[in-house]
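S.K.: Below is the file protein.cif, with mmCIF, C-alpha atoms and all ligand atoms.
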```
data_upload
#
loop_
_atom_site.label_atom_id
_atom_site.label_comp_id
_atom_site.auth_asym_id
_atom_site.auth_seq_id
_atom_site.Cartn_x
_atom_site.Cartn_y
_atom_site.Cartn_z
CA MET A 1 0.00 0.00 0.00
CA THR A 2 1.14 3.51 -0.68
CA ASP A 3 -0.64 6.79 0.07
CA THR A 4 -3.85 5.11 1.18
CA GLN A 5 -4.75 8.05 3.39
CA LEU A 6 -5.14 10.23 0.30
CA ALA A 7 -8.06 8.25 -1.07
CA GLN A 8 -9.62 6.79 2.05
CA PRO A 9 -11.70 9.73 3.35
CA HIS A 10 -14.08 9.09 0.45
CA ALA A 11 -14.24 5.31 0.90
CA PRO A 12 -17.82 4.14 1.38
CA ALA A 13 -18.50 2.39 4.68
CA GLY A 14 -19.93 -1.13 4.76
CA LEU A 15 -20.77 -3.38 1.85
CA PRO A 16 -22.38 -2.52 -1.48
CA PRO A 17 -26.20 -2.79 -1.46
CA LEU A 18 -27.73 -6.13 -2.51
CA ALA A 19 -28.52 -5.03 -6.08
CA VAL A 20 -24.89 -3.98 -6.55
CA LEU A 21 -23.55 -7.24 -5.11
CA GLU A 22 -25.80 -9.18 -7.49
CA ARG A 23 -24.79 -7.05 -10.46
CA MET A 24 -21.09 -7.47 -9.61
CA TYR A 25 -21.49 -11.24 -9.51
CA GLU A 26 -23.50 -11.23 -12.74
CA VAL A 27 -20.73 -9.26 -14.47
CA MET A 28 -17.99 -11.55 -13.13
CA ARG A 29 -19.80 -14.72 -14.13
CA THR A 30 -20.69 -13.30 -17.56
CA VAL A 31 -17.07 -12.41 -18.17
CA THR A 32 -15.73 -15.79 -17.04
CA VAL A 33 -18.17 -17.76 -19.21
CA THR A 34 -17.81 -15.44 -22.22
CA ASP A 35 -14.02 -15.48 -22.00
CA GLU A 36 -13.91 -19.25 -22.14
CA ARG A 37 -16.39 -19.36 -25.03
CA ALA A 38 -14.54 -16.65 -26.98
CA ARG A 39 -11.25 -18.55 -26.70
CA ALA A 40 -12.98 -21.71 -27.94
CA GLU A 41 -14.64 -19.86 -30.83
CA ALA A 42 -11.35 -18.23 -31.85
CA LYS A 43 -9.52 -21.57 -31.77
CA ALA A 44 -12.27 -23.23 -33.81
CA GLY A 45 -11.98 -20.49 -36.45
CA ARG A 46 -15.54 -19.29 -35.95
CA MET A 47 -14.39 -15.94 -34.55
CA PRO A 48 -11.58 -14.85 -36.87
CA ALA A 49 -10.10 -12.23 -34.56
CA ALA A 50 -7.40 -11.82 -31.97
CA PHE A 51 -8.98 -12.28 -28.58
CA TYR A 52 -7.21 -11.09 -25.42
CA PRO A 53 -8.46 -13.09 -22.44
CA VAL A 54 -9.44 -11.20 -19.32
CA ARG A 55 -9.45 -14.11 -16.87
CA GLY A 56 -8.20 -12.80 -13.53
CA LEU A 57 -9.59 -9.28 -14.02
CA GLU A 58 -13.25 -10.10 -13.33
CA GLY A 59 -13.38 -8.59 -9.84
CA VAL A 60 -11.50 -5.43 -10.78
CA CYS A 61 -13.80 -4.70 -13.70
CA ALA A 62 -17.01 -5.56 -11.84
CA ALA A 63 -15.94 -3.14 -9.09
CA LEU A 64 -15.14 -0.41 -11.58
CA GLY A 65 -18.47 -0.87 -13.34
CA ALA A 66 -20.25 -0.64 -10.00
CA VAL A 67 -18.77 2.76 -9.12
CA LEU A 68 -19.26 4.41 -12.53
CA THR A 69 -22.53 5.64 -14.02
CA PRO A 70 -23.36 5.53 -17.74
CA ASP A 71 -22.57 9.27 -17.87
CA ASP A 72 -19.01 8.63 -16.72
CA HIS A 73 -16.55 7.93 -19.50
CA LEU A 74 -14.29 4.90 -19.79
CA VAL A 75 -11.31 4.28 -22.06
CA SER A 76 -10.05 0.70 -22.21
CA THR A 77 -7.53 -1.45 -24.05
CA TYR A 78 -7.54 -4.44 -26.40
CA ARG A 79 -8.07 -6.62 -23.26
CA ASN A 80 -11.49 -5.16 -22.76
CA LEU A 81 -14.18 -7.84 -22.47
CA ALA A 82 -14.60 -7.33 -18.73
CA ASP A 83 -14.39 -3.52 -18.93
CA THR A 84 -17.02 -3.29 -21.66
CA VAL A 85 -19.44 -5.72 -20.01
CA ALA A 86 -19.02 -4.03 -16.63
CA LYS A 87 -19.60 -0.59 -18.14
CA GLY A 88 -22.93 -1.80 -19.51
CA VAL A 89 -22.27 -2.38 -23.20
CA PRO A 90 -24.84 -5.04 -24.22
CA LEU A 91 -23.17 -8.45 -24.61
CA ARG A 92 -24.62 -8.88 -28.11
CA ALA A 93 -22.93 -5.65 -29.22
CA VAL A 94 -19.59 -6.71 -27.69
CA ILE A 95 -19.60 -10.19 -29.20
CA ALA A 96 -20.84 -8.99 -32.59
CA GLU A 97 -17.98 -6.47 -32.65
CA LEU A 98 -15.45 -9.21 -31.86
CA HIS A 99 -16.84 -11.09 -34.87
CA GLY A 100 -16.74 -7.98 -37.11
CA ARG A 101 -20.50 -7.95 -37.69
CA VAL A 102 -22.85 -5.02 -38.34
CA PRO A 103 -24.71 -5.01 -34.96
CA GLY A 104 -21.36 -4.69 -33.16
CA SER A 105 -20.75 -1.64 -31.01
CA SER A 106 -18.60 -0.11 -33.79
CA LYS A 107 -20.78 -1.52 -36.59
CA GLY A 108 -18.33 -4.39 -37.03
CA LYS A 109 -15.58 -2.11 -38.32
CA GLY A 110 -13.51 -1.66 -35.17
CA GLY A 111 -13.04 -5.08 -33.63
CA THR A 112 -11.66 -5.40 -30.15
CA MET A 113 -9.09 -2.62 -30.71
CA HIS A 114 -11.63 0.08 -31.56
CA MET A 115 -14.83 -0.31 -29.63
CA HIS A 116 -17.14 2.57 -28.82
CA HIS A 117 -20.59 2.60 -27.23
CA ASP A 118 -22.02 5.99 -26.50
CA PRO A 119 -25.07 5.05 -24.36
CA SER A 120 -22.91 3.25 -21.80
CA GLY A 121 -20.07 5.80 -21.84
CA LEU A 122 -17.49 3.47 -23.36
CA MET A 123 -15.58 6.06 -25.36
CA ALA A 124 -12.75 4.06 -26.88
CA THR A 125 -10.63 0.96 -26.71
CA THR A 126 -7.10 0.97 -28.06
CA GLY A 127 -4.52 -1.46 -29.44
CA ILE A 128 -1.41 0.62 -28.83
CA VAL A 129 -0.13 0.02 -25.30
CA GLY A 130 -0.55 3.16 -23.17
CA SER A 131 -2.34 5.16 -25.86
CA GLY A 132 -5.63 5.31 -23.98
CA LEU A 133 -4.23 7.44 -21.17
CA PRO A 134 -3.83 10.74 -23.06
CA ILE A 135 -7.26 10.18 -24.69
CA ALA A 136 -8.75 9.79 -21.21
CA ALA A 137 -6.92 12.92 -20.03
CA GLY A 138 -8.57 14.81 -22.91
CA LEU A 139 -11.99 13.46 -21.95
CA ALA A 140 -11.35 14.42 -18.33
CA LEU A 141 -10.39 17.94 -19.40
CA GLY A 142 -13.69 18.03 -21.31
CA ALA A 143 -15.57 16.89 -18.19
CA GLN A 144 -13.83 19.59 -16.16
CA LEU A 145 -14.65 22.29 -18.73
CA ASP A 146 -18.27 21.09 -18.73
CA GLY A 147 -18.42 22.05 -15.06
CA GLY A 148 -17.46 18.80 -13.34
CA GLY A 149 -19.56 16.01 -11.86
CA ARG A 150 -18.61 13.46 -14.49
CA ALA A 151 -15.71 11.12 -13.76
CA VAL A 152 -13.46 9.54 -16.35
CA ALA A 153 -11.64 6.24 -15.89
CA VAL A 154 -8.94 4.65 -17.97
CA THR A 155 -7.79 1.06 -17.72
CA PHE A 156 -4.37 -0.16 -18.79
CA GLY A 157 -1.92 -2.93 -18.01
CA ASP A 158 1.16 -2.94 -15.82
CA GLY A 159 3.32 -2.87 -18.96
CA ALA A 160 1.73 0.41 -20.03
CA THR A 161 3.39 2.15 -17.08
CA SER A 162 6.69 1.93 -18.99
CA ILE A 163 5.29 3.84 -21.97
CA GLY A 164 5.95 7.56 -22.44
CA ALA A 165 2.27 8.40 -22.96
CA TYR A 166 1.53 7.11 -19.44
CA HIS A 167 3.90 9.69 -17.92
CA GLU A 168 2.58 12.51 -20.10
CA ALA A 169 -1.02 11.76 -19.09
CA MET A 170 -0.15 11.36 -15.39
CA ASN A 171 1.71 14.67 -15.44
CA LEU A 172 -1.04 16.71 -17.09
CA ALA A 173 -3.83 15.06 -15.10
CA ALA A 174 -2.11 15.90 -11.81
CA LEU A 175 -1.15 19.42 -12.88
CA TRP A 176 -4.67 20.28 -14.02
CA HIS A 177 -6.48 18.31 -11.25
CA LEU A 178 -8.43 16.38 -13.87
CA PRO A 179 -11.38 14.18 -12.74
CA LEU A 180 -9.59 11.04 -13.89
CA VAL A 181 -9.06 7.62 -12.31
CA PHE A 182 -6.06 5.69 -13.61
CA VAL A 183 -6.94 2.02 -13.17
CA CYS A 184 -3.83 -0.08 -13.59
CA GLN A 185 -4.82 -3.71 -14.22
CA ASN A 186 -1.60 -5.25 -12.98
CA ASN A 187 -1.74 -8.88 -14.12
CA MET A 188 2.01 -9.26 -13.45
CA TRP A 189 2.84 -9.90 -17.13
CA ALA A 190 3.42 -7.83 -20.23
CA GLU A 191 3.04 -10.38 -23.01
CA HIS A 192 5.78 -12.91 -22.14
CA THR A 193 7.75 -10.69 -19.75
CA PRO A 194 7.16 -10.78 -15.98
CA ILE A 195 6.92 -7.40 -14.29
CA ALA A 196 10.18 -7.79 -12.33
CA ALA A 197 12.07 -8.19 -15.63
CA TYR A 198 11.06 -4.77 -16.97
CA ALA A 199 10.30 -2.57 -13.93
CA PRO A 200 13.03 -1.60 -11.43
CA SER A 201 10.29 -1.06 -8.83
CA THR A 202 7.21 -3.25 -9.02
CA ALA A 203 5.30 -1.04 -6.55
CA LEU A 204 3.59 0.80 -9.39
CA ALA A 205 1.32 2.95 -7.19
CA GLU A 206 4.38 4.53 -5.59
CA ARG A 207 5.24 6.22 -8.87
CA ALA A 208 2.22 8.50 -8.52
CA ALA A 209 4.00 10.36 -5.70
CA ALA A 210 6.39 11.77 -8.32
CA TYR A 211 3.38 13.57 -9.80
CA ASN A 212 1.98 14.56 -6.43
CA MET A 213 -1.01 12.39 -7.27
CA ALA A 214 -3.19 10.42 -4.84
CA ALA A 215 -2.65 6.71 -5.17
CA ASP A 216 -3.62 3.38 -3.75
CA ALA A 217 -2.84 -0.27 -4.36
CA VAL A 218 -5.45 -2.96 -3.87
CA ASP A 219 -5.76 -6.73 -4.07
CA GLY A 220 -7.69 -7.06 -7.33
CA PHE A 221 -8.80 -10.55 -6.34
CA ASP A 222 -10.89 -8.91 -3.60
CA PRO A 223 -13.84 -7.27 -5.41
CA ILE A 224 -15.23 -5.61 -2.29
CA GLU A 225 -11.96 -3.96 -1.32
CA THR A 226 -11.47 -2.94 -4.95
CA TRP A 227 -14.99 -1.46 -4.99
CA ARG A 228 -14.07 0.59 -1.91
CA VAL A 229 -10.83 1.93 -3.31
CA LEU A 230 -12.18 2.64 -6.79
CA GLY A 231 -15.31 4.17 -5.26
CA ALA A 232 -13.15 6.54 -3.25
CA ALA A 233 -11.13 7.48 -6.33
CA VAL A 234 -14.26 8.20 -8.38
CA ALA A 235 -15.70 10.25 -5.50
CA ARG A 236 -12.50 12.33 -5.42
CA ALA A 237 -12.81 12.92 -9.18
CA ARG A 238 -16.46 14.01 -8.85
CA ALA A 239 -15.61 16.30 -5.95
CA GLY A 240 -13.02 18.12 -8.07
CA GLU A 241 -10.12 16.80 -5.99
CA GLY A 242 -8.18 15.59 -8.98
CA PRO A 243 -6.90 12.30 -10.33
CA THR A 244 -6.10 9.08 -8.47
CA PHE A 245 -3.86 6.23 -9.54
CA VAL A 246 -5.14 2.81 -8.44
CA GLU A 247 -2.99 -0.26 -8.91
CA CYS A 248 -5.21 -3.35 -8.91
CA ARG A 249 -3.01 -6.38 -8.33
CA THR A 250 -4.22 -9.53 -10.05
CA TYR A 251 -2.68 -12.30 -12.10
CA ARG A 252 -3.20 -13.34 -15.71
CA LEU A 253 -4.92 -16.73 -15.46
CA VAL A 254 -4.36 -17.76 -19.10
CA GLY A 255 -2.15 -16.78 -22.06
CA HIS A 256 -1.61 -13.31 -23.51
CA THR A 257 -3.96 -14.08 -26.42
CA SER A 258 -6.47 -16.85 -27.01
CA SER A 259 -3.89 -18.82 -29.00
CA ALA A 260 -0.67 -18.01 -27.09
CA ASP A 261 1.23 -20.70 -25.24
CA TYR A 262 1.76 -19.84 -21.57
CA SER A 263 3.83 -22.74 -20.37
CA TYR A 264 6.53 -20.20 -19.40
CA MET A 265 4.42 -18.98 -16.47
CA PRO A 266 5.67 -20.53 -13.20
CA PRO A 267 3.13 -23.27 -12.35
CA ALA A 268 3.16 -22.59 -8.59
CA GLU A 269 2.43 -18.89 -9.15
CA LEU A 270 -0.35 -19.66 -11.62
CA ASP A 271 -1.88 -22.32 -9.37
CA ALA A 272 -1.93 -19.92 -6.43
CA ALA A 273 -3.78 -17.37 -8.56
CA LEU A 274 -6.19 -19.96 -9.98
CA ALA A 275 -7.09 -20.95 -6.42
CA ARG A 276 -8.51 -17.41 -6.11
CA ASP A 277 -10.42 -17.50 -9.42
CA PRO A 278 -12.57 -14.36 -9.02
CA ALA A 279 -16.12 -15.41 -9.98
CA PRO A 280 -16.34 -18.73 -8.10
CA THR A 281 -14.53 -17.24 -5.09
CA PHE A 282 -16.94 -14.30 -4.96
CA ARG A 283 -19.89 -16.65 -5.41
CA ALA A 284 -18.78 -18.74 -2.41
CA TRP A 285 -18.28 -15.59 -0.33
CA LEU A 286 -21.75 -14.27 -1.23
CA ALA A 287 -23.41 -17.60 -0.37
CA ASP A 288 -21.39 -18.44 2.75
CA GLY A 289 -21.88 -14.98 4.23
CA ASP A 290 -25.63 -14.98 3.50
CA HIS A 291 -25.20 -11.92 1.32
CA VAL A 292 -27.07 -13.44 -1.64
CA ALA A 293 -29.29 -16.53 -1.42
CA PRO A 294 -27.92 -19.61 -3.24
CA ALA A 295 -31.17 -19.95 -5.23
CA ARG A 296 -30.70 -16.39 -6.52
CA LEU A 297 -27.10 -17.17 -7.48
CA ASP A 298 -28.34 -20.24 -9.39
CA GLU A 299 -30.83 -18.00 -11.18
CA ILE A 300 -28.09 -15.56 -12.16
CA ASP A 301 -25.87 -18.41 -13.42
CA LYS A 302 -28.68 -19.75 -15.59
CA ALA A 303 -29.53 -16.34 -17.05
CA VAL A 304 -25.84 -15.67 -17.75
CA ASP A 305 -25.36 -18.97 -19.58
CA THR A 306 -28.45 -18.30 -21.71
CA GLY A 307 -27.30 -14.74 -22.41
CA VAL A 308 -23.84 -15.86 -23.51
CA ASP A 309 -25.23 -18.50 -25.89
CA ASP A 310 -27.64 -15.92 -27.27
CA ALA A 311 -24.86 -13.36 -27.86
CA PHE A 312 -22.69 -15.81 -29.84
CA ASP A 313 -25.66 -17.12 -31.87
CA PHE A 314 -26.71 -13.55 -32.58
CA ALA A 315 -23.21 -12.48 -33.62
CA GLN A 316 -22.53 -15.46 -35.83
CA SER A 317 -25.76 -15.09 -37.76
CA ALA A 318 -25.39 -11.30 -38.22
CA PRO A 319 -24.12 -9.80 -41.51
CA HIS A 320 -20.62 -8.44 -42.12
CA PRO A 321 -20.41 -4.75 -43.07
CA GLU A 322 -20.66 -3.97 -46.79
CA PRO A 323 -17.29 -2.90 -48.26
CA GLY A 324 -18.84 0.47 -49.17
CA ALA A 325 -19.46 1.23 -45.47
CA ILE A 326 -15.74 1.59 -44.85
CA TYR A 327 -15.77 5.41 -45.07
CA ASP A 328 -19.00 5.85 -43.05
CA ASP A 329 -18.51 7.22 -39.53
CA VAL A 330 -14.93 8.22 -40.31
CA PHE A 331 -15.04 11.72 -41.78
CA ALA A 332 -17.29 14.52 -40.52
CA ASP A 333 -16.84 16.22 -43.89
CA ARG A 334 -17.46 13.60 -46.57
CA THR A 335 -16.54 15.79 -49.54
CA TRP A 336 -13.27 13.96 -49.86
CA VAL A 337 -14.97 10.55 -49.94
CA GLU A 338 -17.85 11.56 -52.17
CA GLY A 339 -15.58 13.43 -54.57
CA ARG A 340 -13.65 10.23 -55.38
C1 LIG A 401 3.33 0.65 -28.08
C2 LIG A 401 3.14 -0.84 -28.17
N1 LIG A 401 4.22 -1.64 -28.00
C3 LIG A 401 4.07 -2.98 -28.06
C4 LIG A 401 2.83 -3.54 -28.34
C5 LIG A 401 2.66 -5.05 -28.38
N2 LIG A 401 1.96 -5.47 -27.16
C6 LIG A 401 0.65 -5.74 -27.19
S1 LIG A 401 0.06 -6.15 -25.69
C7 LIG A 401 1.58 -5.97 -24.97
C8 LIG A 401 1.75 -6.21 -23.49
C9 LIG A 401 1.30 -5.08 -22.67
O1 LIG A 401 1.32 -5.48 -21.31
P1 LIG A 401 0.42 -4.79 -20.23
O2 LIG A 401 0.42 -3.33 -20.45
O3 LIG A 401 0.84 -5.31 -18.92
O4 LIG A 401 -1.04 -5.29 -20.60
P2 LIG A 401 -1.64 -6.76 -20.60
O5 LIG A 401 -1.54 -7.24 -22.02
O6 LIG A 401 -0.87 -7.60 -19.64
O7 LIG A 401 -3.05 -6.59 -20.20
C10 LIG A 401 2.52 -5.60 -25.91
C11 LIG A 401 3.93 -5.38 -25.62
C12 LIG A 401 1.75 -2.66 -28.57
N3 LIG A 401 0.53 -3.10 -28.83
N4 LIG A 401 1.93 -1.32 -28.44
MG MG A 402 0.04 -6.92 -17.88
#
```
Would you kindly transcribe this structure into structure tokens?

M.R.:
Amino acid sequence: MTDTQLAQPHAPAGLPPLAVLERMYEVMRTVTVTDERARAEAKAGRMPAAFYPVRGLEGVCAALGAVLTPDDHLVSTYRNLADTVAKGVPLRAVIAELHGRVPGSSKGKGGTMHMHHDPSGLMATTGIVGSGLPIAAGLALGAQLDGGGRAVAVTFGDGATSIGAYHEAMNLAALWHLPLVFVCQNNMWAEHTPIAAYAPSTALAERAAAYNMAADAVDGFDPIETWRVLGAAVARARAGEGPTFVECRTYRLVGHTSSADYSYMPPAELDAALARDPAPTFRAWLADGDHVAPARLDEIDKAVDTGVDDAFDFAQSAPHPEPGAIYDDVFADRTWVEGR
């Protein structure tokens, strides 16, 4: 933990209300089931796209979704299944976009690298490591100029903290007190490189002190603690108290992409993380602590399974975009396109 005292005054007391607990579990279960199905579909050649698994991030993303409203903006990465679902993008629109089909959130023309869904506040996803941070800083400047009240969050990996754009965005956000939450999804790996092999200090939250920015580090396998810390950071942003850097410590439970070998990951480390698999662990905690009735959890599981099947069936029977649609939604002034 680093400067926990900076964020904590805003931390909500107690547990999230029942509806929020149920929604968090629904998101986590949806993500776990969809992730597995997407990897299978990609391997079978039915989803001809790179898919970046999110297993391990379920609790972090469910917590983030629970503290943001649809008016708040989110910028994510290529590893965005959990972020998009948690932010409220309909699963059909997410899966159709992964398949490059017309009903996708970017009309099937963006794929996982370029998703956008206005009604839920998902502003962009990016394929270039670290490139979402300056975009989010711009959105946060917009929110500030609009008079405040709206928070902006950006998610990125641990590896992104070694990219120049990360430092530029951190610097400006702190200097201008932007309403921005930097959510570092530290899964301990950047492709095939473990964090200790590329970062001289693996305490990533401590770097925020160099920008005089509030920061916290949290166990990302604990969705309730993550909800508290992210909730406090979002509250700071809304209150005009400036940005917060939150390092959510998790572990990547499968390979970098759906097809990548991950036998290089130390088995003991991976097994320890798998023993804390977010959705089943949260489910057991909800049931054992009498927070949500087991029958209700069964109901959620059933609805999630049906919803995931529906989203893949929907996507795979939807049309691809027409070639002529390639210039639509790209240029505000279409003279150049139409003049050709
Ligand atoms: C600027 C840039 N350099 C390299 C890559 C190739 N690349 C894609 S994902 C990745 C790993 C990034 O690791 P991290 O930021 O920890 O995110 P994770 O994939 O673990 O979620 C790399 C190097 C890229 N997309 N962009
Ligand atoms: Mg990583």

S.K.: Please check which protein, DNA or RNA residues sit within 7 Å of ligand LIG 401 (chain A), counting all atoms listed in the file, and write them as JSON, numbers by chain.

M.R.: {"A": [79, 127, 128, 129, 130, 156, 157, 158, 159, 160, 185, 186, 187, 188, 189, 190, 191, 256]}

S.K.: Keeping C-alpha atoms for every residue in the selection just given, could you write it to a file as a CSV table (one decimal), in the frame of the given file?

M.R.:
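selection.csv, written as the output of this step:
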```
chain,number,residue,atom,x,y,z
A,79,ARG,CA,-8.1,-6.6,-23.3
A,127,GLY,CA,-4.5,-1.5,-29.4
A,128,ILE,CA,-1.4,0.6,-28.8
A,129,VAL,CA,-0.1,0.0,-25.3
A,130,GLY,CA,-0.6,3.2,-23.2
A,156,PHE,CA,-4.4,-0.2,-18.8
A,157,GLY,CA,-1.9,-2.9,-18.0
A,158,ASP,CA,1.2,-2.9,-15.8
A,159,GLY,CA,3.3,-2.9,-19.0
A,160,ALA,CA,1.7,0.4,-20.0
A,185,GLN,CA,-4.8,-3.7,-14.2
A,186,ASN,CA,-1.6,-5.2,-13.0
A,187,ASN,CA,-1.7,-8.9,-14.1
A,188,MET,CA,2.0,-9.3,-13.4
A,189,TRP,CA,2.8,-9.9,-17.1
A,190,ALA,CA,3.4,-7.8,-20.2
A,191,GLU,CA,3.0,-10.4,-23.0
A,256,HIS,CA,-1.6,-13.3,-23.5
```

S.K.: Would you mind telling me which residue in A:Pro321, A:Val154, A:Val181, A:His10 lies nearest to Gly111 in chain A when using all atoms listed in the file?

M.R.: A:Pro321

S.K.: With distances taken over only C-alpha atoms and all ligand atoms, which residue among A:Leu91, A:Cys61, A:Leu253, A:Ala82 lies nearest ligand MG 402 (chain A)?

M.R.: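 Looking only at the distances to ligand MG 402 (chain A), the closest residue turns out to be A:Leu253.
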
S.K.: Of the candidates A:His117, A:His320, A:His99, A:Arg92, which one gets nearest to Gly307 in chain A if we count only C-alpha atoms?

M.R.: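 Going through A:His117, A:His320, A:His99, A:Arg92 one by one, the smallest distance to Gly307 in chain A is for A:Arg92.
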
S.K.: Of the candidates A:Ile95, A:Leu81, A:Leu57, A:Val67, which one gets nearest to Phe312 in chain A if we count only C-alpha atoms?

M.R.: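 So, comparing all the options, the nearest one is A:Ile95.
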
S.K.: Within 7 Å of Met113 in chain A, counting only C-alpha atoms, which residues qualify if same-chain residues fewer than 6 places away don't, as a ChimeraX atom specification?

M.R.: /A:77-78,125-127
